[in-house]
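*Asks:* What follows is a structure written as structure tokens; I'll ask about it next.
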Amino acid sequence: MNNHMIVLSSKFLHEIKEFQYDSHGKIDCDPNYKKEVINDIGEILAGQSVTAAQLNNLFEREKDNPQKALFYKPCNILESHKIEFIRKPYIDPDNLLVLGQFYFHPRLQVTPPPPMLQINDDGTINASYEDEPFFLEMIDKITKKDLVEYFYSKMNATPQAATLNRDIGAFEHMLRFWDVDFILYLIDEAFAVSFDNGRPMPKSPLDIQHFEEEALAVYEARKNTCYEEGLDRVLPRAIS
């Protein structure tokens, strides 16, 4: 649902409200209003009485309406068509992601699978990426337990029931200072730097806190690279 919210909010803001994209492909409007629109769409989709495809079609129909400026939020379009809809909270208290926000760590992203190359009998090559357009989307959910599992995956191990609550508590503590995106880089760099320098590997999630400087350097480099390549925003698949 997260990616549908991003696609639909961008479409509403651009085609109905006529806000323009900035030089880097992001809608240029007041962030508080953008959040209102995203929240409105999220509650409508969570109600499951109106689908993303239906909203998309309504926006398409209304984009040439000379009175479209009267639509303050997407729900106003539904109301103008006398379409009944149900609202429901869409925020999952266990989900560490902020819906509508872009994240840089690959664990939080969804992209096409690596291209497959096929060599034909005549020597020509077919690549799978020619059949599927590139997209860059966010996963829908990650929890503190997922962070624990990601930490132990670096040791090819699985969390132990006896220490699971302790490990979740460690990430709860860290989430007071860093978001989930940066914590994933902390995990990566804690193990990478320890391995490269022959230091003992982290044994507990709390051990990764000592690698903030190294994680920050990688995180900032990743953000800069994504910005330069235009990969610092969601590039969604079409709503069908």
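In the structure tokens, the first chain shown is A, the next is B, and so on; residue numbers restart at 1 for each chain, and ligands run from 1 in the order shown.
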Can you write out as a tab-separated table which residues of segment 150-208 of chain A fall within 9 Å of segment 103-121 of chain A, alongside each residue's closest atom pair and its distance in Å to one decimal, counting only C-alpha atoms and ordering rows by chain and ascending residue number?
*Replies:*
```
residue	atom	partner	partner_atom	distance
A:Val180	CA	A:Tyr103	CA	8.9
A:Asp181	CA	A:His105	CA	5.9
A:Phe182	CA	A:His105	CA	7.9
A:Leu184	CA	A:His105	CA	7.0
A:Tyr185	CA	A:His105	CA	7.2
```
*Asks:* Those selected residues, please, written with N, CA, C and O atoms and delivered as a short mmCIF file (atom, residue, chain, number, x, y, z; two decimals), in the first residue's frame.
*Replies:*
```
data_model
loop_
_atom_site.label_atom_id
_atom_site.label_comp_id
_atom_site.auth_asym_id
_atom_site.auth_seq_id
_atom_site.Cartn_x
_atom_site.Cartn_y
_atom_site.Cartn_z
N VAL A 180 15.39 3.55 11.34
CA VAL A 180 15.67 2.18 10.92
C VAL A 180 16.65 2.14 9.75
O VAL A 180 17.48 1.21 9.65
N ASP A 181 16.61 3.13 8.88
CA ASP A 181 17.52 3.19 7.73
C ASP A 181 18.97 3.21 8.21
O ASP A 181 19.81 2.41 7.77
N PHE A 182 19.27 4.13 9.12
CA PHE A 182 20.65 4.26 9.60
C PHE A 182 21.07 3.05 10.43
O PHE A 182 22.23 2.62 10.36
N LEU A 184 20.30 -0.02 9.99
CA LEU A 184 20.72 -1.09 9.09
C LEU A 184 22.15 -0.87 8.60
O LEU A 184 22.94 -1.82 8.46
N TYR A 185 22.51 0.39 8.35
CA TYR A 185 23.90 0.69 7.97
C TYR A 185 24.84 0.45 9.15
O TYR A 185 25.99 0.02 8.97
#
```
*Asks:* Which of segment 25-235 of chain A counts as helix (DSSP H, G or I) under DSSP, as a ChimeraX atom specification please?
*Replies:* /A:31-47,52-62,68-70,74-80,106-108,128-130,144-153,161-174,180-196,205-228
*Asks:* What residues in segment 1-238 of chain A get the DSSP label strand (DSSP E)? Please answer as a PyMOL selection string.
*Replies:* chain A and resi 109-110+117-119+125-127+137-138
*Asks:* Give me, as a PyMOL selection string, all polymer residues having an atom no more than 9 Å from His4 of chain A, counting only C-alpha atoms and skipping those fewer than 2 positions away in the same chain.
*Replies:* chain A and resi 1-2+6-9+41-42+45+52+236+239
*Asks:* Write out the residues from the selection above, keeping all heavy atoms, as a short mmCIF file (atom, residue, chain, number, x, y, z; two decimals), in the first residue's frame.
*Replies:*
```cif
data_model
loop_
_atom_site.label_atom_id
_atom_site.label_comp_id
_atom_site.auth_asym_id
_atom_site.auth_seq_id
_atom_site.Cartn_x
_atom_site.Cartn_y
_atom_site.Cartn_z
N MET A 1 0.82 -1.20 0.00
CA MET A 1 0.00 0.00 0.00
C MET A 1 0.86 1.27 0.00
O MET A 1 0.49 2.29 -0.54
CB MET A 1 -0.93 0.00 1.21
CG MET A 1 -1.98 1.09 1.18
SD MET A 1 -3.20 0.97 2.48
CE MET A 1 -2.30 1.71 3.84
N ASN A 2 2.03 1.17 0.62
CA ASN A 2 2.92 2.33 0.72
C ASN A 2 3.20 2.93 -0.66
O ASN A 2 3.12 4.16 -0.85
CB ASN A 2 4.22 1.91 1.40
CG ASN A 2 5.13 3.08 1.69
OD1 ASN A 2 4.74 4.23 1.62
ND2 ASN A 2 6.38 2.78 2.01
N ILE A 6 2.20 6.66 -2.50
CA ILE A 6 3.15 7.60 -3.09
C ILE A 6 2.75 7.96 -4.52
O ILE A 6 2.74 9.13 -4.91
CB ILE A 6 4.57 7.01 -3.05
CG1 ILE A 6 5.04 6.86 -1.60
CG2 ILE A 6 5.54 7.86 -3.85
CD1 ILE A 6 6.32 6.10 -1.43
N VAL A 7 2.40 6.94 -5.31
CA VAL A 7 2.00 7.17 -6.70
C VAL A 7 0.76 8.06 -6.76
O VAL A 7 0.70 9.04 -7.51
CB VAL A 7 1.71 5.84 -7.41
CG1 VAL A 7 1.19 6.09 -8.82
CG2 VAL A 7 2.96 4.99 -7.49
N LEU A 8 -0.25 7.71 -5.97
CA LEU A 8 -1.52 8.44 -6.03
C LEU A 8 -1.39 9.85 -5.48
O LEU A 8 -2.01 10.79 -6.02
CB LEU A 8 -2.59 7.67 -5.26
CG LEU A 8 -3.04 6.36 -5.93
CD1 LEU A 8 -3.90 5.54 -4.97
CD2 LEU A 8 -3.81 6.64 -7.21
N SER A 9 -0.63 10.03 -4.43
CA SER A 9 -0.46 11.39 -3.89
C SER A 9 0.27 12.28 -4.90
O SER A 9 -0.09 13.45 -5.09
CB SER A 9 0.28 11.36 -2.56
OG SER A 9 1.58 10.83 -2.70
N ILE A 41 -5.20 9.50 1.43
CA ILE A 41 -5.19 8.33 0.55
C ILE A 41 -4.97 7.05 1.36
O ILE A 41 -5.61 6.03 1.11
CB ILE A 41 -4.10 8.49 -0.53
CG1 ILE A 41 -4.50 9.61 -1.50
CG2 ILE A 41 -3.87 7.18 -1.29
CD1 ILE A 41 -3.41 10.01 -2.47
N GLY A 42 -4.07 7.10 2.34
CA GLY A 42 -3.80 5.93 3.16
C GLY A 42 -5.04 5.44 3.90
O GLY A 42 -5.31 4.23 3.94
N LEU A 45 -7.51 3.85 1.30
CA LEU A 45 -7.09 2.52 0.85
C LEU A 45 -7.19 1.49 1.96
O LEU A 45 -7.54 0.33 1.72
CB LEU A 45 -5.66 2.59 0.31
CG LEU A 45 -5.44 3.40 -0.97
CD1 LEU A 45 -3.97 3.36 -1.37
CD2 LEU A 45 -6.31 2.88 -2.12
N ALA A 52 -6.86 1.24 -5.24
CA ALA A 52 -5.90 2.18 -5.82
C ALA A 52 -6.21 2.44 -7.29
O ALA A 52 -6.10 3.57 -7.78
CB ALA A 52 -4.49 1.65 -5.66
N PRO A 236 7.94 4.28 -9.07
CA PRO A 236 6.98 3.17 -8.90
C PRO A 236 6.57 2.50 -10.20
O PRO A 236 6.68 3.07 -11.29
CB PRO A 236 5.77 3.85 -8.25
CG PRO A 236 5.81 5.23 -8.85
CD PRO A 236 7.27 5.58 -8.98
N ILE A 239 0.06 1.67 -11.61
CA ILE A 239 -1.06 1.05 -10.91
C ILE A 239 -1.95 0.37 -11.93
O ILE A 239 -2.37 0.99 -12.91
CB ILE A 239 -1.85 2.10 -10.12
CG1 ILE A 239 -0.98 2.68 -9.01
CG2 ILE A 239 -3.14 1.49 -9.56
CD1 ILE A 239 -1.65 3.79 -8.23
#
```
*Asks:* Quick one, how far is atom CA of Asp167 of chain A from atom CA of Lys144 of chain A?
*Replies:*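 Those two atoms sit 8.9 Å apart.
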*Asks:* For Asp179 of chain A, find every residue with an atom within 9 Å (counting only C-alpha atoms), except residues of its own chain fewer than 4 positions away, and show them as a ChimeraX atom specification.
*Replies:* /A:96-97,174-175,183-184
*Asks:* Any idea what's packed within 10 Å of Ser240 of chain A, counting only C-alpha atoms, ignoring anything in its chain fewer than 5 positions away? Could you give it as a list in words?
*Replies:*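 Close residues of Ser240 of chain A: Ala52, Ala53, Gln54, Asn56 and Asn57 of chain A.
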*Asks:* Between A:Asn76, A:Gln67, A:Gln20, A:Gln101, which is the closest to Asp232 of chain A once you count only C-alpha atoms?
*Replies:*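 Closest residue, counting only C-alpha atoms: A:Gln101.
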*Asks:* Considering only C-alpha atoms, state which residue in the set A:Asn32, A:Asn156, A:Ser204, A:Asn197 is at the smallest distance from Gly169 of chain A.
*Replies:*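 That would be A:Ser204, the residue with the smallest distance to Gly169 of chain A.
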*Asks:* Set the distance at 9 Å and use only C-alpha atoms: which residues neighbour Glu189 of chain A once local chain neighbours fewer than 4 positions away are removed? I'd like the list as a PyMOL selection string.
*Replies:* chain A and resi 184-185+193-194+208+211-212+214-215+218
*Asks:* Selected residues, all heavy atoms, written as a PDB file, in the first residue's frame, please.
*Replies:*
```pdb
ATOM      1  N   LEU A 184      20.303  -0.016   9.992  1.00  0.00           N
ATOM      2  CA  LEU A 184      20.722  -1.091   9.088  1.00  0.00           C
ATOM      3  C   LEU A 184      22.152  -0.869   8.598  1.00  0.00           C
ATOM      4  O   LEU A 184      22.936  -1.819   8.460  1.00  0.00           O
ATOM      5  CB  LEU A 184      19.748  -1.177   7.902  1.00  0.00           C
ATOM      6  CG  LEU A 184      18.372  -1.767   8.238  1.00  0.00           C
ATOM      7  CD1 LEU A 184      17.382  -1.498   7.114  1.00  0.00           C
ATOM      8  CD2 LEU A 184      18.468  -3.269   8.502  1.00  0.00           C
ATOM      9  N   TYR A 185      22.510   0.392   8.349  1.00  0.00           N
ATOM     10  CA  TYR A 185      23.902   0.686   7.974  1.00  0.00           C
ATOM     11  C   TYR A 185      24.840   0.445   9.152  1.00  0.00           C
ATOM     12  O   TYR A 185      25.987   0.018   8.968  1.00  0.00           O
ATOM     13  CB  TYR A 185      24.024   2.119   7.462  1.00  0.00           C
ATOM     14  CG  TYR A 185      23.571   2.266   6.031  1.00  0.00           C
ATOM     15  CD1 TYR A 185      22.309   2.773   5.736  1.00  0.00           C
ATOM     16  CD2 TYR A 185      24.386   1.878   4.970  1.00  0.00           C
ATOM     17  CE1 TYR A 185      21.876   2.895   4.427  1.00  0.00           C
ATOM     18  CE2 TYR A 185      23.956   1.986   3.660  1.00  0.00           C
ATOM     19  CZ  TYR A 185      22.702   2.501   3.392  1.00  0.00           C
ATOM     20  OH  TYR A 185      22.275   2.598   2.097  1.00  0.00           O
ATOM     21  N   VAL A 193      33.587  -3.620   9.236  1.00  0.00           N
ATOM     22  CA  VAL A 193      34.803  -3.027   9.810  1.00  0.00           C
ATOM     23  C   VAL A 193      35.500  -4.023  10.738  1.00  0.00           C
ATOM     24  O   VAL A 193      36.732  -4.135  10.734  1.00  0.00           O
ATOM     25  CB  VAL A 193      34.448  -1.726  10.567  1.00  0.00           C
ATOM     26  CG1 VAL A 193      35.660  -1.204  11.343  1.00  0.00           C
ATOM     27  CG2 VAL A 193      33.945  -0.668   9.591  1.00  0.00           C
ATOM     28  N   SER A 194      34.721  -4.752  11.503  1.00  0.00           N
ATOM     29  CA  SER A 194      35.325  -5.752  12.402  1.00  0.00           C
ATOM     30  C   SER A 194      36.070  -6.815  11.603  1.00  0.00           C
ATOM     31  O   SER A 194      37.194  -7.206  11.946  1.00  0.00           O
ATOM     32  CB  SER A 194      34.239  -6.408  13.260  1.00  0.00           C
ATOM     33  OG  SER A 194      33.620  -5.455  14.103  1.00  0.00           O
ATOM     34  N   ILE A 208      26.901  -2.613  18.097  1.00  0.00           N
ATOM     35  CA  ILE A 208      27.029  -1.879  16.832  1.00  0.00           C
ATOM     36  C   ILE A 208      27.069  -0.372  17.046  1.00  0.00           C
ATOM     37  O   ILE A 208      27.447   0.376  16.148  1.00  0.00           O
ATOM     38  CB  ILE A 208      25.882  -2.231  15.855  1.00  0.00           C
ATOM     39  CG1 ILE A 208      24.537  -1.664  16.352  1.00  0.00           C
ATOM     40  CG2 ILE A 208      25.805  -3.733  15.623  1.00  0.00           C
ATOM     41  CD1 ILE A 208      23.398  -1.852  15.375  1.00  0.00           C
ATOM     42  N   PHE A 211      30.087   1.940  16.053  1.00  0.00           N
ATOM     43  CA  PHE A 211      30.501   2.089  14.654  1.00  0.00           C
ATOM     44  C   PHE A 211      29.717   3.206  13.952  1.00  0.00           C
ATOM     45  O   PHE A 211      29.558   3.193  12.744  1.00  0.00           O
ATOM     46  CB  PHE A 211      30.313   0.759  13.920  1.00  0.00           C
ATOM     47  CG  PHE A 211      31.173  -0.350  14.459  1.00  0.00           C
ATOM     48  CD1 PHE A 211      30.733  -1.122  15.537  1.00  0.00           C
ATOM     49  CD2 PHE A 211      32.431  -0.601  13.938  1.00  0.00           C
ATOM     50  CE1 PHE A 211      31.512  -2.148  16.053  1.00  0.00           C
ATOM     51  CE2 PHE A 211      33.222  -1.614  14.446  1.00  0.00           C
ATOM     52  CZ  PHE A 211      32.767  -2.397  15.512  1.00  0.00           C
ATOM     53  N   GLU A 212      29.256   4.167  14.754  1.00  0.00           N
ATOM     54  CA  GLU A 212      28.444   5.253  14.190  1.00  0.00           C
ATOM     55  C   GLU A 212      29.207   6.044  13.133  1.00  0.00           C
ATOM     56  O   GLU A 212      28.660   6.383  12.073  1.00  0.00           O
ATOM     57  CB  GLU A 212      27.976   6.194  15.305  1.00  0.00           C
ATOM     58  CG  GLU A 212      27.125   7.354  14.786  1.00  0.00           C
ATOM     59  CD  GLU A 212      26.686   8.303  15.893  1.00  0.00           C
ATOM     60  OE1 GLU A 212      27.112   8.107  17.053  1.00  0.00           O
ATOM     61  OE2 GLU A 212      25.925   9.227  15.591  1.00  0.00           O
ATOM     62  N   GLU A 214      31.716   5.188  11.118  1.00  0.00           N
ATOM     63  CA  GLU A 214      31.886   4.444   9.869  1.00  0.00           C
ATOM     64  C   GLU A 214      30.557   4.307   9.125  1.00  0.00           C
ATOM     65  O   GLU A 214      30.495   4.451   7.903  1.00  0.00           O
ATOM     66  CB  GLU A 214      32.446   3.056  10.158  1.00  0.00           C
ATOM     67  CG  GLU A 214      33.867   3.059  10.708  1.00  0.00           C
ATOM     68  CD  GLU A 214      33.926   3.128  12.223  1.00  0.00           C
ATOM     69  OE1 GLU A 214      32.923   3.505  12.856  1.00  0.00           O
ATOM     70  OE2 GLU A 214      34.988   2.804  12.783  1.00  0.00           O
ATOM     71  N   ALA A 215      29.486   4.050   9.878  1.00  0.00           N
ATOM     72  CA  ALA A 215      28.170   3.908   9.254  1.00  0.00           C
ATOM     73  C   ALA A 215      27.716   5.219   8.625  1.00  0.00           C
ATOM     74  O   ALA A 215      27.136   5.236   7.531  1.00  0.00           O
ATOM     75  CB  ALA A 215      27.147   3.431  10.285  1.00  0.00           C
ATOM     76  N   VAL A 218      29.366   5.797   5.198  1.00  0.00           N
ATOM     77  CA  VAL A 218      28.765   4.977   4.138  1.00  0.00           C
ATOM     78  C   VAL A 218      27.360   5.479   3.800  1.00  0.00           C
ATOM     79  O   VAL A 218      26.979   5.554   2.629  1.00  0.00           O
ATOM     80  CB  VAL A 218      28.727   3.498   4.573  1.00  0.00           C
ATOM     81  CG1 VAL A 218      27.967   2.652   3.551  1.00  0.00           C
ATOM     82  CG2 VAL A 218      30.143   2.965   4.734  1.00  0.00           C
TER      83      VAL A 218
END
```
*Asks:* Report the distance between atom CA of Gln160 of chain A and atom CA of Ala190 of chain A in Å, rounded to one decimal place.
*Replies:*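 Result for atom CA of Gln160 of chain A versus atom CA of Ala190 of chain A: 20.4 Å, one decimal.
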*Asks:* I'd like the contact shell of Ala161 of chain A - 12 Å cut-off, only C-alpha atoms, skipping same-chain residues fewer than 5 positions apart - returned as a VMD selection string.
*Replies:* chain A and resid 145 148 to 149 166 to 168
*Asks:* Those residues you just picked out, can you put them in a file as a short mmCIF file (atom, residue, chain, number, x, y, z; two decimals), in the first residue's frame with all heavy atoms?
*Replies:*
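again.cif written:
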```cif
data_model
loop_
_atom_site.label_atom_id
_atom_site.label_comp_id
_atom_site.auth_asym_id
_atom_site.auth_seq_id
_atom_site.Cartn_x
_atom_site.Cartn_y
_atom_site.Cartn_z
N LYS A 145 11.74 -6.97 15.44
CA LYS A 145 12.15 -8.38 15.33
C LYS A 145 12.89 -8.62 14.02
O LYS A 145 13.86 -9.40 13.97
CB LYS A 145 10.92 -9.28 15.41
CG LYS A 145 11.24 -10.77 15.42
CD LYS A 145 10.00 -11.60 15.69
CE LYS A 145 10.32 -13.10 15.77
NZ LYS A 145 10.70 -13.66 14.48
N VAL A 148 16.42 -7.61 14.51
CA VAL A 148 17.16 -8.65 15.23
C VAL A 148 17.58 -9.76 14.27
O VAL A 148 18.73 -10.22 14.27
CB VAL A 148 16.29 -9.23 16.37
CG1 VAL A 148 17.00 -10.42 17.02
CG2 VAL A 148 16.00 -8.16 17.42
N GLU A 149 16.66 -10.19 13.41
CA GLU A 149 16.98 -11.26 12.46
C GLU A 149 18.04 -10.81 11.46
O GLU A 149 18.93 -11.59 11.09
CB GLU A 149 15.70 -11.68 11.73
CG GLU A 149 14.71 -12.40 12.63
CD GLU A 149 13.39 -12.70 11.95
OE1 GLU A 149 13.16 -12.18 10.83
OE2 GLU A 149 12.57 -13.44 12.54
N ARG A 166 15.62 -9.29 24.92
CA ARG A 166 16.76 -8.42 25.21
C ARG A 166 17.24 -7.71 23.95
O ARG A 166 17.52 -6.51 23.95
CB ARG A 166 17.91 -9.26 25.80
CG ARG A 166 19.15 -8.44 26.18
CD ARG A 166 20.38 -9.32 26.24
NE ARG A 166 20.76 -9.82 24.91
CZ ARG A 166 21.74 -10.69 24.69
NH1 ARG A 166 22.41 -11.19 25.71
NH2 ARG A 166 22.03 -11.07 23.46
N ASP A 167 17.32 -8.47 22.84
CA ASP A 167 17.79 -7.90 21.58
C ASP A 167 16.80 -6.87 21.03
O ASP A 167 17.20 -5.83 20.50
CB ASP A 167 18.03 -9.01 20.56
CG ASP A 167 19.17 -9.94 20.97
OD1 ASP A 167 20.04 -9.50 21.74
OD2 ASP A 167 19.18 -11.10 20.51
N ILE A 168 15.51 -7.16 21.13
CA ILE A 168 14.49 -6.19 20.71
C ILE A 168 14.62 -4.92 21.54
O ILE A 168 14.53 -3.80 21.02
CB ILE A 168 13.08 -6.80 20.82
CG1 ILE A 168 12.86 -7.83 19.71
CG2 ILE A 168 12.01 -5.71 20.75
CD1 ILE A 168 11.53 -8.57 19.80
#
```
*Asks:* Return the single residue from A:Arg222, A:Arg87, A:His81, A:His210 that is closest to Leu58 of chain A, with distances computed using only C-alpha atoms.
*Replies:*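 Of all the options, A:His81 lies closest to Leu58 of chain A.
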